[in-house]
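Visitor: Got a structure here, written out as structure tokens. Questions coming.
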Protein chains: 4
Amino acid sequence: MHAITSAHNLLASLLDNHIHHGDAYHIDPRYIVWPRVLDISDRALRRVVVGLGGPKDGVPHEEEFAITPASEIMAILCLVKNLKDLKKRLARIIVAYTYENKPITASDLKAVGAMAVVLKDALKPNLVQTIEGVPAFIHGGPFANIAHGTNSLIATKMALKLADYVVTEAGFGSELGAEKFFNIVCRIGDLKPDAVVLVVSIKALKRNGDGDVKKGLPNLEKHLENISFFGLPVIVTINHFIDDTDKEIEIVEEYCKSKNIPVAVADIWSQGSEGGIELAGKLVSLIHNNPTKFHYLYGLNTSVKEKIENIAKKMYDAGRIVYTVTAEQDIKLCEKLGLDKLPICIAKTQYSLSDDPKCLGRPEGFKITVREIKFSAGAGFLVPMTGKITTMPGLPAKPTSENIDIDEKGNISGLY
Amino acid sequence: MHAITSAHNLLASLLDNHIHHGDAYHIDPRYIVWPRVLDISDRALRRVVVGLGGPKDGVPHEEEFAITPASEIMAILCLVKNLKDLKKRLARIIVAYTYENKPITASDLKAVGAMAVVLKDALKPNLVQTIEGVPAFIHGGPFANIAHGTNSLIATKMALKLADYVVTEAGFGSELGAEKFFNIVCRIGDLKPDAVVLVVSIKALKRNGDGDVKKGLPNLEKHLENISFFGLPVIVTINHFIDDTDKEIEIVEEYCKSKNIPVAVADIWSQGSEGGIELAGKLVSLIHNNPTKFHYLYGLNTSVKEKIENIAKKMYDAGRIVYTVTAEQDIKLCEKLGLDKLPICIAKTQYSLSDDPKCLGRPEGFKITVREIKFSAGAGFLVPMTGKITTMPGLPAKPTSENIDIDEKGNISGLY
Amino acid sequence: MHAITSAHNLLASLLDNHIHHGDAYHIDPRYIVWPRVLDISDRALRRVVVGLGGPKDGVPHEEEFAITPASEIMAILCLVKNLKDLKKRLARIIVAYTYENKPITASDLKAVGAMAVVLKDALKPNLVQTIEGVPAFIHGGPFANIAHGTNSLIATKMALKLADYVVTEAGFGSELGAEKFFNIVCRIGDLKPDAVVLVVSIKALKRNGDGDVKKGLPNLEKHLENISFFGLPVIVTINHFIDDTDKEIEIVEEYCKSKNIPVAVADIWSQGSEGGIELAGKLVSLIHNNPTKFHYLYGLNTSVKEKIENIAKKMYDAGRIVYTVTAEQDIKLCEKLGLDKLPICIAKTQYSLSDDPKCLGRPEGFKITVREIKFSAGAGFLVPMTGKITTMPGLPAKPTSENIDIDEKGNISGLY
Amino acid sequence: MHAITSAHNLLASLLDNHIHHGDAYHIDPRYIVWPRVLDISDRALRRVVVGLGGPKDGVPHEEEFAITPASEIMAILCLVKNLKDLKKRLARIIVAYTYENKPITASDLKAVGAMAVVLKDALKPNLVQTIEGVPAFIHGGPFANIAHGTNSLIATKMALKLADYVVTEAGFGSELGAEKFFNIVCRIGDLKPDAVVLVVSIKALKRNGDGDVKKGLPNLEKHLENISFFGLPVIVTINHFIDDTDKEIEIVEEYCKSKNIPVAVADIWSQGSEGGIELAGKLVSLIHNNPTKFHYLYGLNTSVKEKIENIAKKMYDAGRIVYTVTAEQDIKLCEKLGLDKLPICIAKTQYSLSDDPKCLGRPEGFKITVREIKFSAGAGFLVPMTGKITTMPGLPAKPTSENIDIDEKGNISGLY
């Protein structure tokens, strides 16, 4: 996190420094598109003006701060193959446009080498282990609502070399983490997944069913349908919570059976690996008995709008997609820059299949609003911003931090 | 660095969050004195306006970003005894003032526990070793021009328990790192130094002597005089560089001998510990034959101006001290808040004994301008800002980062 | 204009001055809703941050500049009966809200007397005369796209006392100036119009008909329908331009005749009053033979949304009205403040019957977007902002001012 | 006032508009030196950021608002001979600098013609009359503390053609209005004054004498000395106030007699022209019996610093002049631009002969601080800003406007 924050802000500083020292590129200060980042929720940094205080303190412009997981460098780090690839992608990052609409890149600012040095160690996967000693890589954090949502390709590839079976997490729902993993990460990394474990909780189903598990099942149905679009076998696993009743679990099991979908309760939280044996067994069986027919949802050679429509209609069940004037201009610009053949990484709330966090269950025929499209030319995708999704969260009136404390002996309280 | 950055900015976020959610304290947005920090040189962040974008994005106010070494939390971390002390000092940090001139502290914002948790691991000294296996602590980075300039008290105290002799570095010249180490750190930590190793380089003497070593000697003379004010024995060591001529070294040696000051050439850079044996021997001899008469330069019970004058006239040879209207108001406020009995930590350029970086050699009778006085109520000192010293550096027209690169195998170039 | 600018900005200065000197009301700087105004097109003033530069230069907040015709004081000046009424309305102006959501008015700031003094002379109508000596009042300029669009009530009432027939202009189309004149001005001033002169130009009909007069007639049809909603007799007059062909004029005349609407060509521009005799005669005849059945389009006791819907569906032919989240919150707030029974003064582009300037002819079933609702509590109406209408225009790449010049003798060129 | 405000802000708008539409000149937004103006005291406008809100709302930069009397256009209007001269001077106004340090003028922005049209009528002197019917011109308001302090040259020249004797007011003390009238206005207009009427009040002398008229006389002495530097005969007139005692008036009369300076009490306020007869008679006698030896204080061909020193040492009795770094840079720039041969128009507080409003009586040997130097290339002089003088005043905690009111009949109260 810190390396990414530093590399990201180094580029921002070099950009402002270039303008300060004579602005040789004739950069339009209104089209500085590289934000700064901090790994903290701080709404007051969403919109700031930097460079104030007169001629010695830089040139004024409007600026946004995002959280570090939303940094394009986080996405790049999780998608590159090696140092060479890292530098290639860093070089392509677009940071601003000139008054003549020419994009200015990290390469133009001679920032690539120094950024790569800062990221050198962060590029190496962190090997950790579970309490029972099972190895795992935890590497990278591109949240699936605002970024592509899976850990680094380097870690996954390393795991594939070391283990018989590799399980990777794709954050949030099938329409976010899974969709992006299949369409973006698998495409870039040439990965062919064998099966999907769809994790459900009784709590989430009830939330989507207005307190009733049964009423929440259409939401599960949509996620199952989404996976089928990729030609992959799927197993549902119920992540068991203490409060779950047998009755509730049965409802889900019955439903899966009626659909011929394998299902397994997993109680790893309280029983450790023991609690996951049923799931593991059924998953291995599924993999070996169901040859994968994996394919992408869309080809890259269609237009930006077609790709967005493809995702929004198939994955979200949206009725139509509305583009603001800004978004329309962004599309035109990305065509002009030859970036329109990149894959799509939609930023969307994780609380709903739609772009409205309050719209639960399985909504249909709704409207998706594309507010603007950010170009991650380095990472290699386009990021349509939908609904009110923001890349810098704010804290509530009573932040959780107020409960957190540490005593003289170093015992921490209030974290959960 | 990263833990301090995070803890610092967490407090800033909690402050803005408090105002956003109703401003129960009636805080005056013009008197938000807690900056944000980043560990990067970025002049465009010296003066920013945050909280723009309408009612959902916080309340607008002017804000400064400093570099992390200038954070009061860096100073606190380097001065505390333990977790309990850490929390006590964090609690005292003043972040803003109300319209009624009441200070608002980190404690008022219920931020202390969470900040302490973030700093928990950073509080522990880093044990490293030299190439030859000699243990050393590297812990904390409060630059001596803008902060108090020495590593953490915890590390120093730990070293004192583990070793026969402990050498600690006090950054920059005798009037900065040494003065602050003696008056602030030794006072807080109840340390009694036995001797001072004054490190000189031929290069620096020539710089202060307009290219002539001999002409630079008055600068050395002043540093020797400064140390005498604290009642400590001193040994001069010449940090040997490849380009130094024997002739030049002799000039310094002669000078020291004429003053009855022990002197030793150290060539640790090229010869390792072998190159430091002469210095070590002479130093141990100095310690055992010269009982320390260590005392502080000033008592705490004098006024703020008296303390500043004491330092500026004795340590810098200043003729007079000029206070801006802002600084005068700061002094009145600190008296009102009962903070005027704290020690003084002057922020001053390291390039000159005066507050003007271009004024070399041994200047005398000059004017020191106190622009404003920042209150580090948590760290426990007052920070008069002199001359044009800034807590956020800017990059040059051709930043060094342009030369830095890394090849496919991870070899870094251009760092030096 | 200048008096209104001065009175308006005086109130803004007193508000910021109040906050500067201790903020006794605990005003939320994000909810300062009183803009500043200038009588100049200057897009760089649309969004500014004021109060920067430290504690002595006021408290920072975001601020908008509007053009003077958009000032609520312009609206007030054009609606008041006398000095007493002026002061009553000025007193009601809402300039900000506290953190506790209490509105702060001009009265709370003790600004009313001084503002009224500044406006004292501006309250008196300007009597001018045509080249032929016909008296006319030119008094007030609340543009009908962003305000209520007619000259001052004082001037109109004075004219009614002095003349047998009074003609007043209601700016832009029937759905803007006329609608507002009938629903707002007539209601406040208890005026009962006898007839409407609907001015059409061949040029405008062609613009709405894609170059073809005949195709533009549905636009005229809509304006005629609009007037019929108010129960008023109408005469169409064709404002004759040099380029108009007889053929084109005939098309309009034929159309009116087919609808049994009287029509007259007016060529006042080239022939003076002589060119308006036909129109005058027919108009007088219309008035005396058609007793007015004038009534308002909506009652005040319906909800804000009902009133807006009434106007948008009947006057614009809108299909539905969309409210942004901001607009919804504004409606709730105006209900809470008891302002929901005020008449409505929609801000909308004058280039189309819809809120999209490019949508010509007679559009139907379109969507009207209410972006926010400004409360003119002093003037006594609510201003829903629709589409992209802005209260501060910008200049084109080559401003007309570049052509304007004056020679040594004072002859001006380039104005037209 | 309004015409100047409009012309001034038109130029500001055209500058921002130029940058918005592609910035053909590559203007450095940090070096936009043309402020905006409003004729109102509003400290929150001293430092603002304009051009916020994204690409459609202009390019962000820091901006100052001044009051209209501080506008360079006010100065120009009061110094020009005719329309042609007006346009010539408007054309020279410097509004910004490019990244290559080239000045951008009103002429470069093609703004001159339109500005001149706006100012056309304002250029004509306003002829007013006293209650007794004596004609007077009131034309222009460049306050002598921040500008050159006398009415328009056009009005003065017109008066000289119409009357036998012309009296013009030069605002504030001899070191402000008079100095500037002689050195700037007389030079530009080729005027040769015959005599000076030095107006004193008992109140002012007491204020400068700590409540004692006698102690205030050194202040008068300095003003008399100042006038003598210009070779002009002088008469002192005591502006009689109701509270003045005969004793106090005698003190002044005695003092003048002892110095051989003619003196006359004037009581025009209560007696009308009758009260001025003694003064008038003595003045005419003075003129006819004392041939003027009028000459300037300094020649134009000396350096900027010499000219400033000349004024500050002779007119203020300053001991030395201190220049900030900004001021030093300004001097270098004005030499580079060939503007260093212009006369000097120092901005200084009117409350003291020094630049510190609290320093009364006849201070000597004090320090004058030149903070920055503004170039009025159009008006044709340089404006060194001294002390804390600001071109935008603020209102007190209880503004006078709170007392101002108007009743139903139009009677105004609270103005005095």
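The way I read the labels, and the way they are meant: chains A, B, ... in the order of the structure tokens, residue 1 as the first residue of every chain, and ligand 1 as the first ligand shown, with later ones counted on from there.
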Counting only C-alpha atoms, collect the residues of chain B whose closest atom lies at most 12 Å from chain D, and write them out as a PyMOL selection string.
Guide: chain B and resi 47-49+52-54+62+325+388
Visitor: Since we have the selection now, will you write its residues out, keeping N, CA, C and O atoms, as a short mmCIF file (atom, residue, chain, number, x, y, z; two decimals), in the first residue's frame?
Guide:
data_model
loop_
_atom_site.label_atom_id
_atom_site.label_comp_id
_atom_site.auth_asym_id
_atom_site.auth_seq_id
_atom_site.Cartn_x
_atom_site.Cartn_y
_atom_site.Cartn_z
N ARG B 47 0.28 24.81 -0.13
CA ARG B 47 -0.95 25.51 0.21
C ARG B 47 -2.07 25.00 -0.67
O ARG B 47 -2.01 25.16 -1.89
N VAL B 48 -3.05 24.38 -0.03
CA VAL B 48 -4.16 23.85 -0.81
C VAL B 48 -5.46 24.29 -0.11
O VAL B 48 -5.44 24.74 1.03
N VAL B 49 -6.55 24.17 -0.82
CA VAL B 49 -7.86 24.32 -0.20
C VAL B 49 -8.53 22.96 -0.27
O VAL B 49 -8.63 22.37 -1.35
N LEU B 52 -13.69 21.14 -0.89
CA LEU B 52 -14.50 21.75 -1.95
C LEU B 52 -15.48 20.75 -2.53
O LEU B 52 -15.49 19.59 -2.15
N GLY B 53 -16.33 21.18 -3.43
CA GLY B 53 -17.23 20.27 -4.13
C GLY B 53 -18.63 20.22 -3.55
O GLY B 53 -19.43 19.39 -3.94
N GLY B 54 -18.94 21.10 -2.62
CA GLY B 54 -20.31 21.15 -2.10
C GLY B 54 -20.47 20.44 -0.78
O GLY B 54 -19.53 19.88 -0.22
N GLU B 62 -8.32 26.34 4.20
CA GLU B 62 -6.95 26.30 3.70
C GLU B 62 -6.17 25.27 4.50
O GLU B 62 -6.42 25.06 5.69
N VAL B 325 4.26 40.16 13.22
CA VAL B 325 3.03 40.33 14.01
C VAL B 325 2.43 38.96 14.34
O VAL B 325 1.99 38.71 15.47
N LYS B 388 13.21 31.57 5.77
CA LYS B 388 12.29 31.06 4.76
C LYS B 388 12.16 29.55 4.84
O LYS B 388 11.75 28.90 3.88
#
Visitor: Report as a tab-separated table: every residue of stretch 5-99 of chain A with an atom at most 12 Å from stretch 18-34 of chain B, its closest pair of atoms, and their distance in Å to one decimal, counting only C-alpha atoms, with rows sorted by chain and ascending residue number.
Guide:
residue	atom	partner	partner_atom	distance
A:Asp42	CA	B:His20	CA	10.9
A:Arg43	CA	B:His20	CA	9.1
A:Ala44	CA	B:His20	CA	8.7
Visitor: Could you dump the residues just selected with C-alpha atoms as a tab-separated table (two decimals), in the first residue's frame?
Guide:
chain	number	residue	atom	x	y	z
A	42	ASP	CA	-11.11	11.46	3.97
A	43	ARG	CA	-13.97	13.17	2.18
A	44	ALA	CA	-12.40	16.59	2.56
Visitor: Quick one: residues within 9 Å of stretch 91-93 of chain C, only C-alpha atoms, excluding same-chain residues fewer than 3 positions away - as a list in words?
Guide: Trp34, Glu72, Ile73, Leu86, Lys87, Lys88, Ile104, Thr105, Ala106, Ser107, Asp108, Lys110, Ala111, Val112, Phe375, Ser376, Ala377, Gly378, Ala379 and Gly380 of chain C
Visitor: Mind checking DSSP for stretch 224-349 of chain D and telling me the helix (DSSP H, G or I) residues as a VMD selection string?
Guide: chain D and resid 224 to 228 246 to 258 268 to 289 304 to 315 325 to 336
Visitor: Excluding C:Asp407 and residues on its chain fewer than 5 positions from it, collect all residues at most 8 Å away from it, counting only C-alpha atoms, and give them as a list of chain:residue names.
Guide: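 So, after excluding close chain neighbours, the residues are C:Ile412, D:Leu83, D:Lys84.
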Visitor: Next, write the just-selected residues to a file, as a compact mmCIF listing (two decimals), in the first residue's frame, keeping C-alpha atoms as the atom set.
Guide:
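Writing done, so here's out-v4.txt:
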# COMPACT_ATOMS: atom_id res chain seq x y z
CA ILE C 412 -18.65 54.02 -31.76
CA LEU D 83 -10.24 59.67 -26.00
CA LYS D 84 -7.15 59.00 -28.06
Visitor: Tell me, in Å to one decimal, how far atom CA of C:His139 is from atom CA of C:Pro125.
Guide: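 The value is 5.3 Å.
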Visitor: Would you mind listing what lies within 7 Å of C:Leu300 as a short mmCIF file (atom, residue, chain, number, x, y, z; two decimals) with N, CA and C atoms, in the first residue's frame, with only C-alpha atoms counted and same-chain residues fewer than 3 positions away left out?
Guide:
data_model
loop_
_atom_site.label_atom_id
_atom_site.label_comp_id
_atom_site.auth_asym_id
_atom_site.auth_seq_id
_atom_site.Cartn_x
_atom_site.Cartn_y
_atom_site.Cartn_z
N LYS C 341 -45.72 27.08 -0.47
CA LYS C 341 -46.94 27.64 -1.06
C LYS C 341 -46.65 28.85 -1.94
N LEU C 342 -45.39 29.09 -2.22
CA LEU C 342 -45.01 30.19 -3.10
C LEU C 342 -45.23 29.80 -4.56
N PRO C 343 -45.41 30.79 -5.45
CA PRO C 343 -45.45 30.46 -6.88
C PRO C 343 -44.08 30.00 -7.39
#
Visitor: Run DSSP on the backbone and give me the residues of stretch 148-365 of chain B it puts in strand (DSSP E), as an MDAnalysis selection string.
Guide: chainID B and resid 196:200 234:239 263:266 318:323
Visitor: I need the residues from that last selection saved to file as a PDB file, in the first residue's frame (with N, CA, C and O atoms), if you can.
Guide:
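Written out: selection-v4.pdb:
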ATOM      1  N   VAL B 196      31.354  14.952  23.158  1.00  0.00           N
ATOM      2  CA  VAL B 196      30.828  15.248  21.831  1.00  0.00           C
ATOM      3  C   VAL B 196      31.899  14.925  20.798  1.00  0.00           C
ATOM      4  O   VAL B 196      33.064  15.296  20.966  1.00  0.00           O
ATOM      5  N   VAL B 197      31.503  14.204  19.746  1.00  0.00           N
ATOM      6  CA  VAL B 197      32.354  14.025  18.580  1.00  0.00           C
ATOM      7  C   VAL B 197      31.882  15.015  17.521  1.00  0.00           C
ATOM      8  O   VAL B 197      30.759  14.899  17.020  1.00  0.00           O
ATOM      9  N   LEU B 198      32.714  15.978  17.233  1.00  0.00           N
ATOM     10  CA  LEU B 198      32.338  16.972  16.235  1.00  0.00           C
ATOM     11  C   LEU B 198      32.915  16.542  14.890  1.00  0.00           C
ATOM     12  O   LEU B 198      34.137  16.530  14.702  1.00  0.00           O
ATOM     13  N   VAL B 199      32.038  16.177  13.977  1.00  0.00           N
ATOM     14  CA  VAL B 199      32.480  15.670  12.677  1.00  0.00           C
ATOM     15  C   VAL B 199      32.648  16.835  11.712  1.00  0.00           C
ATOM     16  O   VAL B 199      31.708  17.602  11.499  1.00  0.00           O
ATOM     17  N   VAL B 200      33.850  16.952  11.136  1.00  0.00           N
ATOM     18  CA  VAL B 200      34.041  17.995  10.127  1.00  0.00           C
ATOM     19  C   VAL B 200      34.520  17.352   8.836  1.00  0.00           C
ATOM     20  O   VAL B 200      35.051  16.246   8.845  1.00  0.00           O
ATOM     21  N   VAL B 234      35.069  17.736  24.027  1.00  0.00           N
ATOM     22  CA  VAL B 234      34.803  17.556  22.604  1.00  0.00           C
ATOM     23  C   VAL B 234      36.040  17.027  21.896  1.00  0.00           C
ATOM     24  O   VAL B 234      37.168  17.354  22.258  1.00  0.00           O
ATOM     25  N   ILE B 235      35.823  16.169  20.938  1.00  0.00           N
ATOM     26  CA  ILE B 235      36.885  15.742  20.042  1.00  0.00           C
ATOM     27  C   ILE B 235      36.440  16.033  18.610  1.00  0.00           C
ATOM     28  O   ILE B 235      35.283  15.810  18.252  1.00  0.00           O
ATOM     29  N   VAL B 236      37.354  16.604  17.822  1.00  0.00           N
ATOM     30  CA  VAL B 236      37.046  16.856  16.415  1.00  0.00           C
ATOM     31  C   VAL B 236      37.481  15.639  15.613  1.00  0.00           C
ATOM     32  O   VAL B 236      38.561  15.098  15.829  1.00  0.00           O
ATOM     33  N   THR B 237      36.622  15.182  14.707  1.00  0.00           N
ATOM     34  CA  THR B 237      37.057  14.121  13.799  1.00  0.00           C
ATOM     35  C   THR B 237      36.872  14.583  12.368  1.00  0.00           C
ATOM     36  O   THR B 237      35.846  15.186  12.016  1.00  0.00           O
ATOM     37  N   ILE B 238      37.901  14.344  11.574  1.00  0.00           N
ATOM     38  CA  ILE B 238      37.836  14.722  10.170  1.00  0.00           C
ATOM     39  C   ILE B 238      37.337  13.527   9.373  1.00  0.00           C
ATOM     40  O   ILE B 238      37.999  12.494   9.301  1.00  0.00           O
ATOM     41  N   ASN B 239      36.129  13.669   8.804  1.00  0.00           N
ATOM     42  CA  ASN B 239      35.555  12.604   7.979  1.00  0.00           C
ATOM     43  C   ASN B 239      36.297  12.612   6.643  1.00  0.00           C
ATOM     44  O   ASN B 239      36.083  13.496   5.823  1.00  0.00           O
ATOM     45  N   VAL B 263      41.983  15.706  18.183  1.00  0.00           N
ATOM     46  CA  VAL B 263      41.507  15.573  16.809  1.00  0.00           C
ATOM     47  C   VAL B 263      41.935  14.217  16.267  1.00  0.00           C
ATOM     48  O   VAL B 263      43.005  13.700  16.624  1.00  0.00           O
ATOM     49  N   ALA B 264      41.099  13.619  15.424  1.00  0.00           N
ATOM     50  CA  ALA B 264      41.425  12.331  14.810  1.00  0.00           C
ATOM     51  C   ALA B 264      40.829  12.270  13.416  1.00  0.00           C
ATOM     52  O   ALA B 264      39.685  12.683  13.205  1.00  0.00           O
ATOM     53  N   VAL B 265      41.627  11.767  12.458  1.00  0.00           N
ATOM     54  CA  VAL B 265      41.083  11.538  11.118  1.00  0.00           C
ATOM     55  C   VAL B 265      40.345  10.193  11.132  1.00  0.00           C
ATOM     56  O   VAL B 265      40.831   9.212  11.670  1.00  0.00           O
ATOM     57  N   ALA B 266      39.143  10.171  10.569  1.00  0.00           N
ATOM     58  CA  ALA B 266      38.392   8.916  10.485  1.00  0.00           C
ATOM     59  C   ALA B 266      38.188   8.579   9.020  1.00  0.00           C
ATOM     60  O   ALA B 266      37.731   9.410   8.250  1.00  0.00           O
ATOM     61  N   ALA B 318      23.544  35.667  16.631  1.00  0.00           N
ATOM     62  CA  ALA B 318      22.631  36.661  16.068  1.00  0.00           C
ATOM     63  C   ALA B 318      22.754  37.956  16.850  1.00  0.00           C
ATOM     64  O   ALA B 318      23.040  37.957  18.048  1.00  0.00           O
ATOM     65  N   GLY B 319      22.542  39.082  16.149  1.00  0.00           N
ATOM     66  CA  GLY B 319      22.580  40.377  16.804  1.00  0.00           C
ATOM     67  C   GLY B 319      21.240  40.699  17.457  1.00  0.00           C
ATOM     68  O   GLY B 319      21.154  41.152  18.574  1.00  0.00           O
ATOM     69  N   ARG B 320      20.179  40.464  16.692  1.00  0.00           N
ATOM     70  CA  ARG B 320      18.861  40.710  17.274  1.00  0.00           C
ATOM     71  C   ARG B 320      17.830  39.800  16.630  1.00  0.00           C
ATOM     72  O   ARG B 320      18.073  39.248  15.554  1.00  0.00           O
ATOM     73  N   ILE B 321      16.725  39.661  17.329  1.00  0.00           N
ATOM     74  CA  ILE B 321      15.663  38.781  16.852  1.00  0.00           C
ATOM     75  C   ILE B 321      14.455  39.649  16.524  1.00  0.00           C
ATOM     76  O   ILE B 321      14.026  40.467  17.331  1.00  0.00           O
ATOM     77  N   VAL B 322      13.915  39.456  15.302  1.00  0.00           N
ATOM     78  CA  VAL B 322      12.754  40.219  14.857  1.00  0.00           C
ATOM     79  C   VAL B 322      11.555  39.291  14.833  1.00  0.00           C
ATOM     80  O   VAL B 322      11.655  38.165  14.336  1.00  0.00           O
ATOM     81  N   TYR B 323      10.441  39.734  15.371  1.00  0.00           N
ATOM     82  CA  TYR B 323       9.222  38.919  15.369  1.00  0.00           C
ATOM     83  C   TYR B 323       8.188  39.550  14.457  1.00  0.00           C
ATOM     84  O   TYR B 323       7.926  40.750  14.557  1.00  0.00           O
TER      85      TYR B 323
END
